[in-house]
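Student: Let me give you the structure first, and then I'll get to my questions.
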Amino acid sequence: MATALTLNVNGRTHKLSVGDPQMPLLWVLRENLGLTGTKFGCGAALCGACTVLVNGEPVRSCNTEVSQVAGKSVTTIEGLSRDGSHPVQKAWVAEQVPQCGYCQSGQIMSAAALLAKNKSPSDAEIEKAMVGHICTCGTYNRVRKAIHAAAATMRKGA
Amino acid sequence: MRATVNQGRRSFLKAGAATGGGLVIGFHLPVAASAAEAAAGPAKLNAYVKVGTDNRVTFVCGQVEMGQGVHNGLAMLLAEELEVDLRNLRIEQGGIDPAFGNPRYIGFKAVGGFQATGGSSSIRNFGNKVRHAGAAARFMLISAGAERMQVLRSECIAENGHVVHKPSGRKVTYGAVANDAARQVAPDEPALKQPSEFKIVGKATPRQDIPLKVTGRAVYGLDVKRPGMLVATVARCPVFGGKVTSFNAEKSLRVPGVKKVVQISSGVAVVADSFWAAKKGRDALEVTWDEGPLAKVSSADMYSQWAALAKGPTAAERLKTGDVAAALAGGAKRVEAVYELPFLAHACMEPMNATAHFKGDSCEIWASTQAQSWNQHAVAQATGLPPKAVTVHTTYLGGGFGRRLESDYVVEAAETSRAAGNVPVKVVWTREDDIQHDFYRPASHNVLQAALGPDGMPTAWRHRIVGTSILQYFKTFGHFLRKDGHDPTSTQGAGDYFPYDIPNVLVDYVNNNQGVPSGFWRSVGNTQNGFILESFVDELAHAAGKDPYQYRRQLFGKPHAARLRAVLDLAAEKAGWGKPLPAGVHRGIAAHFAYGGYCAQVAEVSVARDGKVKVHRVVAAIDSGWVVNPDTVAAQVEGAIYYGLNAALYGEVTIRNGRVEQSNFNDYKMARMDEMPKVEVHILQGKGEQGGAGEPGTNPISPAVCNAIFAATGKRIRKLPIKPEMLRT
């Protein structure tokens, strides 16, 4: 039996009929809502590629049941900014962070969540926030540099 | 009108009018491969470059973008010659076209073409072609512009998308004269710009794909959507080579959303209206497998068999100079060691997937793939269609690393689409599927022997490699497999390019195929042999009581190793070799040549009492010759160091009862941000031949780290991955 759900994603309300309330949020975002910027990497909350924000907190959407986020505010990479203008996205471009780019939506969401709370993160704080992410292209140093750069921009109130 | 230009021996540059107006420059087939098709007459001009009447420049790129920055690198070369702003140039992924054939894979036409991206080959094999296309277009646009302005051609130049008459300052846009340019005679040998005239090439240049990748707009294989598309997962036999005996789909079909359960070559596909339903349907599926002859194979047994084979009399020779047996017997000092390397998975961040729509007399494929024309051939073979009926649309790749040179996942999609009733189907692999059904970097057992002369320098070098073979599996290249079993990918980096100045050398190989699918893994044989050579040389340096850097300098003394010596010197200098380090931190050095690139690295490492290794900093120097985008070269070396470091610290696929024991990132571990060392990349632009940049950086890291571990602990790592128990004190 299909379950009716109301989801708030990127500021829009969606009324959905989901075949299985245990279906992970990731697949609802990707297949039902067409928001394919959030990626499938491991299905087990081990790599961070599927990270989205739920009420501002980074969450692994691949093992979060969609029913658990009903009524909560979900933000995906598509909703972080309209035009790539979030300081984290701009820093990612300035530092030329992505290579294949597949893990980057998730990394950007974790970085945005970190900087929303802490605009002067230390290296250790950045590591703590980002250690859940795997990037097979090895962009970690550029990620770190971009987070520091975005933090500096945000401190200036840009 | 269509003009043909003879551009070197290998290809024809062609120019003509674009559909819808404008100038188009393309390349015809390489002459050697094209006789039949040239006789048949080209149906259309293959668009490499289009200058539209709206001033838009489009670059159609046959090579694929998997993070290595090749779309942008080639576009930079084009923009440079064409004199346009890179930001006004749109890069489009091209489909399969013989004109996109990669010269690296020339000669494979018999098996369906050779359009593929691998071997660090894109810039060096296509850069010149793209430059010629840009230069020809520039020439024709200048001619048309001069005519339009009724001025002397010799007084006109091309500048930022305009033809400018220098004496008067008058100018016309490319778009305004693009139609006229298409009627111009193409130059026989378009003059390329001199490096001193470059405005774009050689400067760190932002990539066009990056804004797409930070906003979620870049489309990967997994993001493909087709009208009416279904999603499938495939149940495969956990044992390599196993087959379906029977299956019961009853419970699967009861899962809401599951539409069909169909048998295909690789197993049983569960086709549903969503990934989740397909996955639950697969969980509910009951399959009886015929596990076949490999059900008892284990990696532990392989290593013991290989140890025995290493002592045997039969092996395929790869490199032989002088008399090794005599020199080994007569040396002042003898050093021997055994090195073992494991199978490795690729673990691309985007798990394997492909979308196919089989339509009876044709088949369309959408995939993140490195090997469009091999995919085309494989799908044609699997479906019985002629290759021309198979179309491959390439998306961005969420990592490739050699895994996406294979066609297994693409064939699965085509077969599933057909079996499900000619509907579009996306076959999605889980991470577990991806780790357990890979084509693994081969495992090997290696015996090394060397004799040192009275001066401590080696007089003899003996290396026997025993292990699995990639070309046993990658049949497209099967003709490179010698009758005696020699596989050039297995001895790559051990015998094809031997950098050391040693008079007596013997490198041979025993091919022992145990049924574990083996494939190309970023830098291929070099990933093993680079580690082995540069670790064993370090052993020799210590046996001789010499500084490992100076010892290598001397061994790289012959002219063929001059570029390797130069990067070794640069890395040592930049790392401050010999200068003091913080307490507990030690240095290791290594250098290796691969895919046209020379790379040296110095690693700074400490080892904790519990045996945990920390790599603090890596200083790399690379010479790949002439560099197009230095930031891309740096990024490639950074990424290669990470990929190689992962193999040193964690990478290990083990086999038990014919099954892969690892399944996901919990047991196939990857280093994370807290383990990523600081990396410095120094680019040496020598005058030597242009080489690759994506792969050479992968190899020196593991020996550099292990050599530093030896400096720190006196313990020599001869088996990867490094495990804390090897180093616990």
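Every chain in the structure tokens has a letter given in the order shown (A, B, ...), and although residue numbers restart at 1 in each chain, ligands are simply numbered from 1 in the order shown.
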Counting only C-alpha atoms, what are the residues of chain B within 8 Å of chain A, and for each of them which pair of atoms is the nearest and at what distance in Å, to one decimal? Sort the table by chain and rising number, as a Markdown table.

Tutor:
| residue | atom | partner | partner_atom | distance |
| --- | --- | --- | --- | --- |
| B:Glu65 | CA | A:Cys100 | CA | 7.6 |
| B:Met66 | CA | A:Cys100 | CA | 5.0 |
| B:Gly67 | CA | A:Cys100 | CA | 3.5 |
| B:Gln68 | CA | A:Gln99 | CA | 6.3 |
| B:Gly69 | CA | A:Gln99 | CA | 7.2 |
| B:Pro206 | CA | A:Gln96 | CA | 6.7 |
| B:Arg207 | CA | A:Gln96 | CA | 7.5 |
| B:Ile210 | CA | A:Val93 | CA | 6.3 |
| B:Pro211 | CA | A:Val93 | CA | 6.4 |
| B:Lys213 | CA | A:Gly101 | CA | 5.4 |
| B:Val214 | CA | A:Gln89 | CA | 5.8 |
| B:Thr215 | CA | A:Gly84 | CA | 5.7 |
| B:Gly216 | CA | A:Gly37 | CA | 3.8 |
| B:Arg217 | CA | A:Gly37 | CA | 6.3 |
| B:Ala218 | CA | A:Gly37 | CA | 7.7 |
| B:Asp223 | CA | A:Thr36 | CA | 5.8 |
| B:Pro256 | CA | A:Gly19 | CA | 6.6 |
| B:Gly257 | CA | A:Gly19 | CA | 7.4 |
| B:Ser274 | CA | A:Glu31 | CA | 7.1 |
| B:Phe275 | CA | A:Trp27 | CA | 7.2 |
| B:Trp276 | CA | A:Met23 | CA | 6.4 |
| B:Ala347 | CA | A:Thr136 | CA | 7.4 |
| B:Cys348 | CA | A:Thr136 | CA | 6.5 |
| B:Met349 | CA | A:Gly41 | CA | 5.8 |
| B:Glu350 | CA | A:Gly41 | CA | 6.0 |
| B:Pro351 | CA | A:Gly41 | CA | 6.6 |
| B:Tyr396 | CA | A:Cys100 | CA | 7.7 |
| B:Leu397 | CA | A:Cys100 | CA | 6.4 |
| B:Gly398 | CA | A:Tyr102 | CA | 4.9 |
| B:Gly399 | CA | A:Cys100 | CA | 5.6 |
| B:Thr430 | CA | A:Cys42 | CA | 6.9 |
| B:Arg431 | CA | A:Cys42 | CA | 5.0 |
| B:Glu432 | CA | A:Cys42 | CA | 7.9 |
| B:Ala635 | CA | A:Gln99 | CA | 7.8 |
| B:Glu638 | CA | A:Gly138 | CA | 6.7 |
| B:Gly639 | CA | A:Gly138 | CA | 4.5 |
| B:Ala640 | CA | A:Cys137 | CA | 7.6 |
| B:Ile641 | CA | A:Gly138 | CA | 7.9 |
| B:Tyr642 | CA | A:Gly138 | CA | 5.2 |
| B:Tyr643 | CA | A:Thr136 | CA | 6.8 |
| B:Asn664 | CA | A:Cys42 | CA | 6.8 |
| B:Phe665 | CA | A:Leu46 | CA | 6.1 |
| B:Asn666 | CA | A:Leu46 | CA | 6.9 |
| B:Met670 | CA | A:Ile134 | CA | 7.0 |
| B:Ala671 | CA | A:Ile134 | CA | 7.5 |
| B:Arg672 | CA | A:Val131 | CA | 5.8 |
| B:Met673 | CA | A:Tyr140 | CA | 5.3 |
| B:Asp674 | CA | A:Glu127 | CA | 5.9 |
| B:Met676 | CA | A:Tyr140 | CA | 6.8 |
| B:Lys678 | CA | A:Asn141 | CA | 7.1 |
| B:Val679 | CA | A:Asn141 | CA | 7.9 |

Student: Quick one: write out the picked residues with C-alpha atoms as a PDB file, in the first residue's frame?

Tutor:
ATOM      1  CA  GLU B  65      35.486  13.679 -18.827  1.00  0.00           C
ATOM      2  CA  MET B  66      36.049  11.657 -15.676  1.00  0.00           C
ATOM      3  CA  GLY B  67      37.644  14.351 -13.575  1.00  0.00           C
ATOM      4  CA  GLN B  68      40.960  14.464 -15.395  1.00  0.00           C
ATOM      5  CA  GLY B  69      40.090  17.778 -16.990  1.00  0.00           C
ATOM      6  CA  PRO B 206      39.370  27.257 -14.442  1.00  0.00           C
ATOM      7  CA  ARG B 207      37.481  24.263 -15.765  1.00  0.00           C
ATOM      8  CA  ILE B 210      33.253  22.720 -12.214  1.00  0.00           C
ATOM      9  CA  PRO B 211      30.305  25.153 -11.926  1.00  0.00           C
ATOM     10  CA  LYS B 213      29.613  20.003 -10.387  1.00  0.00           C
ATOM     11  CA  VAL B 214      29.115  22.367  -7.441  1.00  0.00           C
ATOM     12  CA  THR B 215      25.430  22.911  -8.186  1.00  0.00           C
ATOM     13  CA  GLY B 216      24.337  19.335  -8.844  1.00  0.00           C
ATOM     14  CA  ARG B 217      23.679  20.072 -12.510  1.00  0.00           C
ATOM     15  CA  ALA B 218      26.355  17.811 -14.008  1.00  0.00           C
ATOM     16  CA  ASP B 223      21.285  10.652 -13.376  1.00  0.00           C
ATOM     17  CA  PRO B 256       5.343  -3.378  -4.880  1.00  0.00           C
ATOM     18  CA  GLY B 257       6.898  -1.742  -7.915  1.00  0.00           C
ATOM     19  CA  SER B 274      12.269   2.480  -8.716  1.00  0.00           C
ATOM     20  CA  PHE B 275      15.713   1.547  -7.493  1.00  0.00           C
ATOM     21  CA  TRP B 276      14.383   0.732  -4.056  1.00  0.00           C
ATOM     22  CA  ALA B 347      35.815   1.922  -6.060  1.00  0.00           C
ATOM     23  CA  CYS B 348      34.764   4.738  -8.385  1.00  0.00           C
ATOM     24  CA  MET B 349      32.489   7.022  -6.371  1.00  0.00           C
ATOM     25  CA  GLU B 350      29.718   6.472  -8.910  1.00  0.00           C
ATOM     26  CA  PRO B 351      28.881   2.760  -8.746  1.00  0.00           C
ATOM     27  CA  TYR B 396      30.113  12.707 -17.086  1.00  0.00           C
ATOM     28  CA  LEU B 397      31.863   9.902 -15.232  1.00  0.00           C
ATOM     29  CA  GLY B 398      31.845   9.659 -11.450  1.00  0.00           C
ATOM     30  CA  GLY B 399      35.358   8.250 -11.599  1.00  0.00           C
ATOM     31  CA  THR B 430      24.995  -1.273  -5.373  1.00  0.00           C
ATOM     32  CA  ARG B 431      28.369  -0.536  -3.802  1.00  0.00           C
ATOM     33  CA  GLU B 432      28.533  -4.186  -2.792  1.00  0.00           C
ATOM     34  CA  ALA B 635      45.265  18.148  -9.454  1.00  0.00           C
ATOM     35  CA  GLU B 638      47.387  15.189  -6.022  1.00  0.00           C
ATOM     36  CA  GLY B 639      44.676  12.693  -6.918  1.00  0.00           C
ATOM     37  CA  ALA B 640      47.140  10.054  -8.085  1.00  0.00           C
ATOM     38  CA  ILE B 641      49.058  10.360  -4.820  1.00  0.00           C
ATOM     39  CA  TYR B 642      45.826   9.814  -2.931  1.00  0.00           C
ATOM     40  CA  TYR B 643      44.861   6.834  -5.078  1.00  0.00           C
ATOM     41  CA  ASN B 664      31.588  -1.782   1.003  1.00  0.00           C
ATOM     42  CA  PHE B 665      33.673   1.049   2.451  1.00  0.00           C
ATOM     43  CA  ASN B 666      33.499  -0.534   5.909  1.00  0.00           C
ATOM     44  CA  MET B 670      39.571   4.465   1.829  1.00  0.00           C
ATOM     45  CA  ALA B 671      41.712   7.144   3.411  1.00  0.00           C
ATOM     46  CA  ARG B 672      39.765  10.237   4.417  1.00  0.00           C
ATOM     47  CA  MET B 673      40.555  13.876   4.960  1.00  0.00           C
ATOM     48  CA  ASP B 674      42.350  13.277   8.262  1.00  0.00           C
ATOM     49  CA  MET B 676      45.455  13.039   3.465  1.00  0.00           C
ATOM     50  CA  LYS B 678      49.896  17.897   2.549  1.00  0.00           C
ATOM     51  CA  VAL B 679      50.877  17.638  -1.098  1.00  0.00           C
TER      52      VAL B 679
END

Student: Give me the residues near stretch 503-514 of chain B as number ranges by chain, where near means some atom within 9 Å (using only C-alpha atoms) and where sequence neighbours in that chain fewer than 4 positions away do not count.

Tutor: B: 294, 297, 302, 306, 309-310, 314-328, 458-469, 472, 484-487, 490-491, 494-495

Student: Can I get the selected residues back with N, CA and C atoms, as a compact mmCIF listing (two decimals), in the first residue's frame?

Tutor:
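So again.txt came out as:
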# COMPACT_ATOMS: atom_id res chain seq x y z
N LEU B 294 35.34 -22.43 -9.87
CA LEU B 294 36.15 -21.54 -9.04
C LEU B 294 35.66 -21.46 -7.60
N VAL B 297 38.40 -21.43 -4.97
CA VAL B 297 39.58 -20.58 -5.15
C VAL B 297 39.72 -19.60 -3.97
N MET B 302 46.44 -18.96 -3.73
CA MET B 302 47.13 -18.41 -4.90
C MET B 302 48.56 -18.02 -4.54
N TRP B 306 51.89 -19.41 -6.16
CA TRP B 306 52.78 -18.49 -6.88
C TRP B 306 54.20 -18.55 -6.32
N LEU B 309 55.68 -21.42 -8.03
CA LEU B 309 55.94 -21.12 -9.44
C LEU B 309 57.14 -20.18 -9.61
N ALA B 310 57.33 -19.33 -8.61
CA ALA B 310 58.45 -18.37 -8.70
C ALA B 310 59.79 -19.10 -8.72
N THR B 314 60.14 -22.33 -15.66
CA THR B 314 59.48 -21.77 -16.84
C THR B 314 58.94 -20.37 -16.57
N ALA B 315 59.34 -19.46 -17.41
CA ALA B 315 58.80 -18.10 -17.31
C ALA B 315 58.99 -17.41 -18.65
N ALA B 316 58.20 -16.37 -18.89
CA ALA B 316 58.28 -15.60 -20.13
C ALA B 316 59.24 -14.43 -19.93
N GLU B 317 60.27 -14.38 -20.71
CA GLU B 317 61.28 -13.32 -20.55
C GLU B 317 60.75 -11.98 -21.03
N ARG B 318 61.03 -10.94 -20.28
CA ARG B 318 60.67 -9.60 -20.73
C ARG B 318 61.88 -8.74 -21.04
N LEU B 319 62.89 -8.83 -20.18
CA LEU B 319 64.08 -8.00 -20.37
C LEU B 319 65.29 -8.83 -19.98
N LYS B 320 66.27 -8.88 -20.89
CA LYS B 320 67.47 -9.65 -20.57
C LYS B 320 68.68 -8.91 -21.13
N THR B 321 69.57 -8.55 -20.26
CA THR B 321 70.85 -7.99 -20.71
C THR B 321 71.96 -8.64 -19.89
N GLY B 322 73.06 -8.91 -20.54
CA GLY B 322 74.22 -9.49 -19.85
C GLY B 322 73.94 -10.90 -19.35
N ASP B 323 74.66 -11.29 -18.34
CA ASP B 323 74.55 -12.65 -17.78
C ASP B 323 74.25 -12.53 -16.28
N VAL B 324 72.98 -12.59 -15.97
CA VAL B 324 72.54 -12.36 -14.59
C VAL B 324 73.05 -13.47 -13.66
N ALA B 325 72.94 -14.73 -14.13
CA ALA B 325 73.32 -15.84 -13.25
C ALA B 325 74.78 -15.71 -12.82
N ALA B 326 75.63 -15.42 -13.78
CA ALA B 326 77.05 -15.29 -13.45
C ALA B 326 77.29 -14.10 -12.53
N ALA B 327 76.62 -12.99 -12.85
CA ALA B 327 76.84 -11.78 -12.05
C ALA B 327 76.31 -11.95 -10.63
N LEU B 328 75.17 -12.66 -10.50
CA LEU B 328 74.64 -12.91 -9.15
C LEU B 328 75.62 -13.77 -8.34
N PRO B 458 74.73 -1.96 -7.88
CA PRO B 458 74.31 -3.28 -8.35
C PRO B 458 74.97 -3.68 -9.67
N THR B 459 75.38 -4.94 -9.72
CA THR B 459 75.93 -5.50 -10.95
C THR B 459 74.93 -6.44 -11.60
N ALA B 460 73.96 -6.90 -10.83
CA ALA B 460 72.95 -7.81 -11.37
C ALA B 460 71.60 -7.51 -10.74
N TRP B 461 70.55 -7.68 -11.55
CA TRP B 461 69.16 -7.45 -11.09
C TRP B 461 68.31 -8.55 -11.68
N ARG B 462 67.63 -9.27 -10.82
CA ARG B 462 66.78 -10.37 -11.26
C ARG B 462 65.40 -10.18 -10.64
N HIS B 463 64.39 -10.11 -11.49
CA HIS B 463 63.01 -9.91 -10.99
C HIS B 463 62.10 -10.91 -11.67
N ARG B 464 61.53 -11.80 -10.90
CA ARG B 464 60.50 -12.69 -11.43
C ARG B 464 59.14 -12.30 -10.86
N ILE B 465 58.20 -12.12 -11.78
CA ILE B 465 56.83 -11.75 -11.41
C ILE B 465 55.95 -12.97 -11.64
N VAL B 466 55.14 -13.32 -10.66
CA VAL B 466 54.14 -14.37 -10.85
C VAL B 466 52.79 -13.79 -10.46
N GLY B 467 51.82 -13.91 -11.35
CA GLY B 467 50.51 -13.38 -10.97
C GLY B 467 49.50 -13.43 -12.08
N THR B 468 48.36 -12.82 -11.80
CA THR B 468 47.26 -12.84 -12.76
C THR B 468 47.53 -11.85 -13.89
N SER B 469 46.74 -11.98 -14.93
CA SER B 469 46.98 -11.23 -16.15
C SER B 469 45.72 -10.50 -16.58
N GLN B 472 44.25 -11.67 -20.16
CA GLN B 472 43.45 -12.89 -20.17
C GLN B 472 41.97 -12.55 -20.21
N ASP B 484 53.79 -17.51 -24.83
CA ASP B 484 54.43 -18.00 -23.60
C ASP B 484 53.79 -17.41 -22.34
N GLY B 485 52.69 -16.69 -22.54
CA GLY B 485 51.96 -16.16 -21.38
C GLY B 485 52.35 -14.74 -21.02
N HIS B 486 53.37 -14.20 -21.70
CA HIS B 486 53.79 -12.85 -21.33
C HIS B 486 52.68 -11.84 -21.57
N ASP B 487 52.37 -11.09 -20.52
CA ASP B 487 51.36 -10.03 -20.60
C ASP B 487 52.09 -8.72 -20.33
N SER B 490 51.56 -6.84 -17.18
CA SER B 490 52.08 -7.39 -15.92
C SER B 490 53.54 -7.00 -15.69
N THR B 491 54.28 -6.82 -16.78
CA THR B 491 55.69 -6.44 -16.64
C THR B 491 55.89 -4.94 -16.86
N ALA B 494 58.39 -2.73 -15.08
CA ALA B 494 59.47 -3.58 -14.55
C ALA B 494 60.49 -3.90 -15.63
N GLY B 495 60.01 -3.94 -16.89
CA GLY B 495 60.91 -4.36 -17.95
C GLY B 495 60.81 -3.56 -19.23

Student: DSSP on the backbone, helix (DSSP H, G or I) only: what residues of stretch 338-436 of chain B does that give? Format it as a PyMOL selection string.

Tutor: chain B and resi 372-383+387-389+403-405+408-419+431-436

Student: Taking N, CA and C atoms for each residue, export the selection above as a CSV table (one decimal), in the first residue's frame.

Tutor:
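Now in again-v9.csv:
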chain,number,residue,atom,x,y,z
B,372,GLN,N,33.6,4.1,-25.4
B,372,GLN,CA,32.4,4.0,-26.1
B,372,GLN,C,32.4,3.0,-27.2
B,373,SER,N,33.5,2.9,-28.0
B,373,SER,CA,33.4,2.0,-29.1
B,373,SER,C,33.5,0.5,-28.7
B,374,TRP,N,34.2,0.3,-27.6
B,374,TRP,CA,34.2,-1.1,-27.1
B,374,TRP,C,32.8,-1.5,-26.5
B,375,ASN,N,32.2,-0.5,-25.9
B,375,ASN,CA,30.8,-0.7,-25.4
B,375,ASN,C,29.9,-1.1,-26.7
B,376,GLN,N,30.1,-0.3,-27.7
B,376,GLN,CA,29.3,-0.5,-28.9
B,376,GLN,C,29.5,-2.0,-29.4
B,377,HIS,N,30.7,-2.3,-29.5
B,377,HIS,CA,31.1,-3.7,-30.0
B,377,HIS,C,30.5,-4.8,-29.1
B,378,ALA,N,30.6,-4.5,-27.8
B,378,ALA,CA,30.2,-5.6,-26.8
B,378,ALA,C,28.7,-5.7,-26.9
B,379,VAL,N,28.0,-4.6,-27.0
B,379,VAL,CA,26.5,-4.6,-27.0
B,379,VAL,C,26.1,-5.3,-28.4
B,380,ALA,N,26.8,-5.0,-29.4
B,380,ALA,CA,26.5,-5.6,-30.7
B,380,ALA,C,26.6,-7.1,-30.6
B,381,GLN,N,27.7,-7.5,-30.0
B,381,GLN,CA,27.9,-9.0,-29.9
B,381,GLN,C,26.9,-9.6,-29.0
B,382,ALA,N,26.5,-9.0,-27.9
B,382,ALA,CA,25.5,-9.6,-27.0
B,382,ALA,C,24.1,-9.6,-27.6
B,383,THR,N,23.8,-8.7,-28.5
B,383,THR,CA,22.4,-8.6,-29.0
B,383,THR,C,22.3,-9.1,-30.4
B,387,PRO,N,27.2,-3.3,-35.2
B,387,PRO,CA,27.7,-2.2,-34.4
B,387,PRO,C,27.0,-0.9,-34.7
B,388,LYS,N,26.8,-0.6,-36.0
B,388,LYS,CA,26.2,0.7,-36.4
B,388,LYS,C,24.9,0.9,-35.8
B,389,ALA,N,24.2,-0.1,-35.4
B,389,ALA,CA,22.8,0.0,-34.8
B,389,ALA,C,22.9,0.3,-33.3
B,403,ARG,N,38.2,1.2,-14.6
B,403,ARG,CA,37.1,0.3,-14.4
B,403,ARG,C,36.1,0.5,-15.6
B,404,ARG,N,36.0,1.7,-16.0
B,404,ARG,CA,35.0,2.0,-17.1
B,404,ARG,C,35.5,1.8,-18.5
B,405,LEU,N,36.7,1.1,-18.6
B,405,LEU,CA,37.1,0.6,-19.9
B,405,LEU,C,36.4,-0.7,-20.2
B,408,ASP,N,31.1,-4.7,-19.2
B,408,ASP,CA,30.1,-5.6,-18.6
B,408,ASP,C,28.8,-5.0,-18.2
B,409,TYR,N,28.9,-3.8,-17.5
B,409,TYR,CA,27.7,-3.1,-17.0
B,409,TYR,C,26.9,-2.6,-18.1
B,410,VAL,N,27.5,-2.2,-19.2
B,410,VAL,CA,26.7,-1.7,-20.3
B,410,VAL,C,25.9,-2.9,-21.0
B,411,VAL,N,26.6,-4.0,-21.2
B,411,VAL,CA,25.9,-5.1,-21.8
B,411,VAL,C,24.7,-5.6,-20.9
B,412,GLU,N,24.9,-5.5,-19.6
B,412,GLU,CA,23.8,-5.9,-18.7
B,412,GLU,C,22.6,-5.1,-19.0
B,413,ALA,N,22.8,-3.8,-19.2
B,413,ALA,CA,21.7,-2.9,-19.4
B,413,ALA,C,21.0,-3.2,-20.7
B,414,ALA,N,21.8,-3.5,-21.7
B,414,ALA,CA,21.2,-3.8,-23.1
B,414,ALA,C,20.4,-5.1,-23.0
B,415,GLU,N,21.0,-6.1,-22.3
B,415,GLU,CA,20.3,-7.4,-22.2
B,415,GLU,C,19.0,-7.3,-21.4
B,416,THR,N,19.1,-6.5,-20.3
B,416,THR,CA,17.9,-6.3,-19.5
B,416,THR,C,16.8,-5.6,-20.2
B,417,SER,N,17.2,-4.6,-21.0
B,417,SER,CA,16.2,-3.8,-21.7
B,417,SER,C,15.5,-4.7,-22.7
B,418,ARG,N,16.2,-5.6,-23.4
B,418,ARG,CA,15.6,-6.5,-24.3
B,418,ARG,C,14.7,-7.5,-23.6
B,419,ALA,N,15.3,-8.1,-22.6
B,419,ALA,CA,14.5,-9.2,-21.9
B,419,ALA,C,13.3,-8.6,-21.2
B,431,ARG,N,26.9,-0.6,-4.1
B,431,ARG,CA,28.4,-0.5,-3.8
B,431,ARG,C,28.9,-2.0,-3.6
B,432,GLU,N,28.1,-2.8,-3.0
B,432,GLU,CA,28.5,-4.2,-2.8
B,432,GLU,C,28.8,-4.9,-4.1
B,433,ASP,N,27.9,-4.7,-5.1
B,433,ASP,CA,28.0,-5.2,-6.4
B,433,ASP,C,29.3,-4.7,-7.0
B,434,ASP,N,29.6,-3.4,-6.8
B,434,ASP,CA,30.7,-2.8,-7.4
B,434,ASP,C,32.0,-3.3,-6.9
B,435,ILE,N,32.1,-3.5,-5.6
B,435,ILE,CA,33.3,-4.1,-5.0
B,435,ILE,C,33.5,-5.6,-5.3
B,436,GLN,N,32.4,-6.3,-5.4
B,436,GLN,CA,32.5,-7.7,-5.5
B,436,GLN,C,32.5,-8.2,-7.0

Student: Considering only strand (DSSP E or B) as DSSP defines it on the backbone, what residues of chain A qualify? List them as a ChimeraX atom specification.

Tutor: /A:3-9,12-18,24,51-54,57-60,65,73-75

Student: Give me the residues near B:His542 as a PyMOL selection string, where near means some atom within 12 Å (using only C-alpha atoms) and where sequence neighbours in that chain fewer than 4 positions away do not count.

Tutor: chain B and resi 335+452+456-457+535-538+546-552+707+710-711+714-716

Student: Got a sec: who's within 8 Å of A:Gly71, counting only C-alpha atoms, leaving out chain neighbours fewer than 4 positions off, as an NGL selection string?

Tutor: :A and (6-8)

Student: Could you write out that same residue set with C-alpha atoms as an mmCIF file, in the first residue's frame?

Tutor:
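Output contents, as saved in part_24.cif:
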data_model
loop_
_atom_site.group_PDB
_atom_site.id
_atom_site.type_symbol
_atom_site.label_atom_id
_atom_site.label_comp_id
_atom_site.auth_asym_id
_atom_site.auth_seq_id
_atom_site.Cartn_x
_atom_site.Cartn_y
_atom_site.Cartn_z
ATOM 1 C CA THR A 6 4.285 15.620 2.731
ATOM 2 C CA LEU A 7 7.885 16.672 2.192
ATOM 3 C CA ASN A 8 9.394 20.105 2.343
#

Student: Could you name the residues that touch stretch 235-242 of chain B at 7 Å or less, counting only C-alpha atoms, but leaving out those on the same chain fewer than 4 positions away, as a list in words?

Tutor: Ser266, Gly267, Val268, Ala269, Arg282, Trp289, Asp290, Glu291, Gly292, Leu294, Ala295, Gly515, Val516, Gly658 and Arg659 of chain B

Student: Quick check, in Å to one decimal: how far apart do atom CA of A:Val18 and atom CA of A:Thr3 lie?

Tutor: 5.2 Å
